[in-house]
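To start, the structure under review is shown below, and the notes come after it.
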Amino acid sequence: MKGLLTKEFIMFKKSWFVILLFILVFGILGIFSGFPSMMLVVPLFMAIYQSNFAADEMCKWQQYAIVLPYGRKNIISSKYLYTAILSLCSSLFNSICYTISAVIGRIEFSADGFLTFMLCSLVTGLLYPIIVLPLSYKFSHEKGRIILMFINGCCGGLFALFAANGFVFDALVKLVNVAELMSFIMLGAVIISYLFSWQISIKIYEKRDL
């Protein structure tokens, strides 16, 4: 498992400059714009980036990986664990940006708002892979490209609208005020869906002819 995770982070490191530049741009925009939802582009970008299987297929990674002493379940598990780590790191980065924005007076800090924002960051980072990872293992990159582009377009459009309208974020804060446990229920639902997606990907990959 350690070796498989190392491979994922090596691939991540190769594009670190572009990734860091993108994260910093939207982090700064989120801090000074007064719209915390703008920062949610960061975990969305990270989720889309890690879900790109084009590089793996170009270098025939799946064919090489299958001969390693890991097993198909471990190969899938490493991808899901790597995704979860990226989501947590993105949420941590967003929490720092949210705090800075509150300190400089761009937004008004509140415990409910911060809790909602962290929930949105985690959900944003995990929801996309829940859908995309099983599709990527079910179809090859070429066959699944149209499906992934459609999902990317829908997610990009929705989050652009979300980021441009601060009232959506305010509505989520009010929802948390109505039901304090709602945030934990939503997060729990996403985590359960993530685990369910992981099991589906394992079953698909175990039956796939590589």
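Going through the structure tokens in order, the chains are called A, B, and so on, while each chain numbers its residues from 1 and the ligands are numbered from 1 in the order shown.
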
Checklist entry - Can you tell me, as number ranges by chain, what residues are no more than 10 Å from Tyr137 in chain A when counting only C-alpha atoms, ignoring any on the same chain fewer than 5 positions away? => result A: 53, 76, 132, 144, 200-206, 208

Next on the checklist: Which residues are near range 79-84 of chain A? Cut-off 8 Å, only C-alpha atoms, ignore same chain within fewer than 5 positions. Put them as JSON, numbers by chain.
Outcome noted: {"A": [5, 8, 47, 50, 125, 126, 129, 198]}

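Of the residues under consideration (A:Ile100, A:Met1, A:Ile131, A:Leu68), A:Ile100 shows the shortest atom-to-atom contact distance to Leu29 in chain A when counting only C-alpha atoms.
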
Next on the checklist: Please determine, counting only C-alpha atoms, which residue among A:Met46, A:Leu4, A:Met58, A:Leu40 has the shortest atom-to-atom distance to Val18 in chain A.
Outcome noted: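 For Val18 in chain A, the nearest of the given residues is A:Met46.
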
Next on the checklist: Measuring between only C-alpha atoms, which one of A:Lys73, A:Ser33, A:Lys2, A:Ser90 shows the shortest distance to Phe45 in chain A?
Outcome noted: A:Ser90

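Distance check against Ser110 in chain A using only C-alpha atoms: of A:Lys138, A:Tyr98, A:Leu195, A:Phe12, the minimum falls on A:Tyr98.
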
Checklist entry - Which distance in Å separates CA of Leu127 in chain A and CA of Val190 in chain A, to one decimal? => result 6.9 Å

Next on the checklist: Set the distance at 8 Å and use only C-alpha atoms: which residues neighbour Gly27 in chain A once local chain neighbours fewer than 4 positions away are removed? I'd like the list as number ranges by chain.
Outcome noted: A: 23, 31, 38-39, 42, 94, 97

Next on the checklist: Quick check, in Å to one decimal: how far apart do CA of Phe114 in chain A and CA of Gly153 in chain A lie?
Outcome noted: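 One can read the CA of Phe114 in chain A to CA of Gly153 in chain A distance as 28.0 Å.
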